[in-house]
Structures are given as structure tokens and as C-alpha cells.
Amino acid sequence: MGAPLLKKSGIVNVKFGDNVVVIEPSNIYGCTIGDGVFIGPFVEIQKNVLIGARTKIQSHAFVCELVHLGEDCFIGHGVMFINDLFVNGGPACGDRSLWKSTLIGSHVSIGSNATILPVNICDNVVIGAGSVVLRDITESGIYAGNPARKISGIE
Amino acid sequence: MGAPLLKKSGIVNVKFGDNVVVIEPSNIYGCTIGDGVFIGPFVEIQKNVLIGARTKIQSHAFVCELVHLGEDCFIGHGVMFINDLFVNGGPACGDRSLWKSTLIGSHVSIGSNATILPVNICDNVVIGAGSVVLRDITESGIYAGNPARKISGIE
Amino acid sequence: MGAPLLKKSGIVNVKFGDNVVVIEPSNIYGCTIGDGVFIGPFVEIQKNVLIGARTKIQSHAFVCELVHLGEDCFIGHGVMFINDLFVNGGPACGDRSLWKSTLIGSHVSIGSNATILPVNICDNVVIGAGSVVLRDITESGIYAGNPARKISGIE
């Protein structure tokens with residue numbers, strides 16, 4: 001029996017723009033956060049993430065490496081991003097050549113508890129709460145369901 | 001580059017009944033919590049929420065403004081409530097006239113990772129784990145799926 | 001009006017193997033954690049859980065009592081396990097004879113935000129992100145959806 005190595009969540013090596021608010025505890029490291037971003041409690045943001053100005057990251061969200069978020073986005077509570085599709089039947093175990101990237105445009109609002117596989121999403125998109133997004137979204141509109149499908153335009 | 005404004009999660013301006021237990025860290029503010037309520041860790045409860053006596057809020061849950069929960073409810077782990085339907089194609093950005101309320105009766109049990117859009121749910125309802133509830137529930141029973149549909153009565 | 005009983009999350013009465021890493025804050029108690037396990041932040045693991053060697057438990061996951069996880073598993077961010085099916089129309093309220101167990105084999109990878117009802121899952125299985133697993137899985141392969149169904153083998 002051993003004693004575990006305990007590490008504390010915190011904010012390490014992050015480039016912040018002006019007027020950013022972070023509610024602690026959060027675990028945020030090695031990423032770049034634009035002006036006016038809000039980050040709620042119980043959030044993890046991994047290294048090399050870029051978050052555009054005025055985007056809001058709500059509580060319990062997880063933003064993994066290889067995710068770039070545009071400006072004026074809303075990432076709901078409990079939203080999870082993914083970069084590893086387990087292509088070889090399990091996690092990539094550090095082989096980043098197997099990871100996939102996610103590129104989210106601006107004015108994208110993602111409802112709470114949605115799950116975002118590695119995809120590209122264009123500007124002006126709404127993703128319904130609880131949705132699972134499996135494919136790229138190249139047309140503005142409202143998408144929902146598992147898997148997420150377009151349910152309407154934005155009026 | 002700026003330094004972020006860091007705020008600590010905590011318990012601020014909450015009216016507690018008797019015999020409430022809270023596991024920290026949690027972020028709970030401006031709400032009213034009934035007698036005998038249990039609140040697990042990593043929970044956020046926003047202002048003006050009402051939680052009835054003996055209701056249990058499990059870890060990782062998020063209860064937003066405009067939610068009223070009845071008595072003897074069970075809110076599972078990772079359950080997310082919602083008040084903003086992005087009706088104008090994005091978040092209401094502080095315009096509360098666009099927010100919708102949620103009213104949950106008593107003896108309502110909501111399974112883990114369920115997502116609850118702004119709806120009314122009557123007494124004596126079970127919501128299956130992982131469900132997405134889009135519409136009012138006016139009849140006691142068991143509901144599940146995305147979107148949640150009635151799958152049986154309660155025996 | 002009363003003052004709540006506040007309890008702190010922490011690590012209490014846990015048997016750790018060698019080379020375990022835990023990112024705090026987490027709430028872990030009364031369980032047994034194998035060699036080389038990684039546990040991310042904002043995780044809760046309840047008593048009597050067994051976690052096999054080299055398994056990774058990602059941020060925001062919840063592992064309840066009566067869950068046994070094998071070796072070399074990956075439990076994604078926000079994955080929730082369940083032991084109470086509300087068989088009498090609500091939570092078991094401490095009557096453990098009503099709880100059900102979950103047995104996960106080895107080399108099982110569960111995608112983020114998946115919800116795992118009390119089931120048995122054999123070795124060498126991938127569960128897609130956002131899935132809801134309602135039934136036992138006895139055959140290696142890739143499963144996804146709500147409810148989760150087999151979508152392919154593992155090549």
C-alpha cells in the first residue's frame with residue numbers, strides 16, 4: 001500500500017485577457033483566455049485551449065486540449081468536450097497523433113450537459129441541452145438530440 | 001494581459017432550515033433550503049431557488065434561478081436544470097424576461113445526468129438517468145429517454 | 001432557521017496501491033484503489049468501490065457504492081454510475097437490499113457524460129460519449145446511444 005500523490009486544482013500558466021472572472025475551485029492550465037471571459041466553478045480547462053473574448057464557461061464544464069472556442073460563446077453547465085475517439089478500442093494513452101481537434105465559431109451557445117465530440121461548428125449555432133454532437137455543423141441553426149440533428153433555423 | 005478576478009465558491013446569503021447537511025466545496029447563494037435537506041459536493045445552487053424539506057441534491061448537480069423543488073425529492077448526480085432556452089438564438093444575457101421557470105412537485109426523483117428544461121413536473125414522478133425532459137409532466141409515472149416519454153406508471 | 005452541518009470533501013479511509021495520483025478537490029472514502037490509478041478533480045468515489053490497477057477516473061465522474069472497476073479502464077469526464085433504480089418509485093432511502101451492483105471488466109473505456117445503470121460489462125468494451133447503458137454487455141465491441149446499442153466490433 002502506498003500514499004497517493006496529491007495535486008491541488010488551480011490556475012497554472014494561463015494567459016488571461018482583461019476583465020476575466022473565475023470562480024474557484026477550477027482547474028485551468030496552460031491555456032489562453034480572452035478578454036471578458038467568465039469561468040464558473042468546478043470547471044477544468046486543459047492546456048493549449050483558446051477561448052475567445054466574452055465567452056462564458058459555466059459550472060462543471062470540461063474543455064480538453066485541442067479545443068478552440070470563438071467569441072461570445074456560451075458553454076453550458078456540465079458540457080464536455082472530447083479529443084480522443086478511442087480509435088484503437090481504448091484511450092490514446094498519450095499518443096497525441098490519435099487525438100482530434102474541435103473548432104467552435106463565434107456566437108455558439110451549447111446547452112447544459114451536452115457532449116461535443118471532436119467537430120467543427122460554424123458561427124451562430126445553438127446546441128440543445130443534453131445533445132450529443134457527432135458531426136461537423138456547417139450551417140447556422142438550432143441542433144438537438146442524440147445524435148444532434150438540425151431542428152430549425154435561428155429566427 | 002490582465003490578472004483575473006478570482007472569486008471563491010461558498011455559501012452566501014442562504015436561508016437554511018433545521019438539520020441541513022452540505023458537503024463542501026459547493027457554491028450556494030441567495031436561496032432558501034428546507035429542513036433536513038442534503039446537498040452533496042460540487043453542487044451549485046443559484047439565487048431565489050426554493051428547495052423543499054428532506055430533498056436530496058446529489059454531487060455535481062446544478063440548480064439555476066427560477067427553480068422551485070418540492071419536498072422529499074431526489075436530484076441525482078450531475079442533474080442540470082435550465083432557465084434559458086436561447087429563444088433569440090443565444091443566451092438571454094441578463095434579460096430575465098426571457099428566462100423560464102421550473103416547478104417540481106414533491107416525491108419527484110430525477111436520475112443522474114438528467115437534463116431538465118424549464119418545465120412543470122407534478123408529484124410522484126421518476127425521471128430516468130440520462131433523460132432530457134423537454135415538456136411538462138402532469139401525470140405521475142416513470143419517464144425516460146431523450147426526449148423523455150412516459151414508460152410506465154408507478155406501482 | 002438553522003445553521004447547516006458543513007462537511008469537507010476529502011480522502012478518508014481509502015486503501016491506495018502504489019503510484020496513485022489524485023487531483024484535489026475530490027471526495028473519496030472507504031474504497032480500494034489499485035496501483036497506478038489516476039483520479040482527476042471534482043470526482044466522488046463512495047465506499048466499498050474497487051478500482052483496478054492503471055484505471056483512469058477523469059474529472060467530474062461519480063462512482064457509487066457497489067461498483068467494481070477492472071484494470072486499465074478509462075472512465076471519462078462526467079460519467080455517472082448508478083446503484084438505485086428507484087424500484088419503488090423513489091430512492092431506496094438507505095435500504096441497501098434494493099441497490100444493484102455494477103461490475104466492469106478490464107480494458108473498458110467509457111466516454112464522457114455517459115450514464116451507467118447497474119450492469120455488468122465484459123472486457124474490451126468501448127462506450128460512446130453521452131450514452132446511457134441500460135443492459136448488460138457480454139460481448140466486446142463499441143456501444144453508443146440512449147439506450148446504448150452495439151454499433152461495431154473493435155478492430
# chains A, B, ... in the order shown; residues from 1 in each chain; ligands from 1

$ interface_residues --of "chain B" --to "chain C" --cutoff "7 Å" --atoms "only C-alpha atoms" --output "ChimeraX atom specification"
/B:15-25,41-42,109,112-113,126,129-130,145,154

$ residues_around --residues "A:Phe74" --least-positions-apart "6" --cutoff "7 Å" --atoms "only C-alpha atoms" --output "VMD selection string"
chain A and resid 55 to 57 108 to 110

$ write_last_selection --atoms "C-alpha atoms" --output "short mmCIF file (atom, residue, chain, number, x, y, z; two decimals), in the first residue's frame"
data_model
loop_
_atom_site.label_atom_id
_atom_site.label_comp_id
_atom_site.auth_asym_id
_atom_site.auth_seq_id
_atom_site.Cartn_x
_atom_site.Cartn_y
_atom_site.Cartn_z
CA THR A 55 -17.27 33.60 -23.95
CA LYS A 56 -18.88 32.16 -20.81
CA ILE A 57 -17.88 28.74 -19.47
CA VAL A 108 -22.23 29.45 -30.49
CA SER A 109 -24.40 28.52 -27.50
CA ILE A 110 -24.17 24.98 -26.15
#

$ closest_residue --among "A:Asn124, A:Thr32, A:Ser101, A:Ser140" --to "A:Ile45" --atoms "only C-alpha atoms"
A:Thr32

$ atom_distance --atom1 "atom CA of A:Val67" --atom2 "atom CA of A:Ile137"
15.3 Å

$ atom_distance --atom1 "atom CA of C:Lys100" --atom2 "atom CA of C:Leu69"
14.7 Å

$ residues_around --residues "A:Thr102" --least-positions-apart "5" --cutoff "7 Å" --atoms "only C-alpha atoms" --output "MDAnalysis selection string"
chainID A and resid 66:68 118:120

$ residues_around --residues "A:Gly30" --least-positions-apart "2" --cutoff "10 Å" --atoms "only C-alpha atoms" --output "short mmCIF file (atom, residue, chain, number, x, y, z; two decimals) with C-alpha atoms, in the first residue's frame"
data_model
loop_
_atom_site.label_atom_id
_atom_site.label_comp_id
_atom_site.auth_asym_id
_atom_site.auth_seq_id
_atom_site.Cartn_x
_atom_site.Cartn_y
_atom_site.Cartn_z
CA ILE A 11 -4.71 28.14 -12.16
CA VAL A 12 -1.29 27.48 -13.62
CA ASN A 13 0.45 29.08 -16.58
CA VAL A 14 -2.64 30.73 -18.08
CA LYS A 15 -2.62 33.82 -20.33
CA ILE A 28 -7.13 25.65 -15.54
CA THR A 32 -5.22 31.31 -23.36
CA ILE A 33 -8.37 33.10 -22.15
CA ILE A 45 -9.70 23.67 -18.95
CA GLN A 46 -6.65 21.90 -20.33
CA LYS A 47 -3.52 23.15 -21.96
CA ASN A 48 -3.40 24.78 -25.39
CA VAL A 49 -7.11 25.63 -25.29
CA LEU A 50 -8.02 29.02 -26.75
CA GLU A 65 -6.77 20.04 -25.20
#

$ atom_distance --atom1 "atom CA of B:Leu103" --atom2 "atom CA of B:Glu139"
14.1 Å

$ closest_residue --among "A:Gly76, A:Gly153, A:Val63, A:Asn83" --to "A:Arg96" --atoms "only C-alpha atoms"
A:Asn83
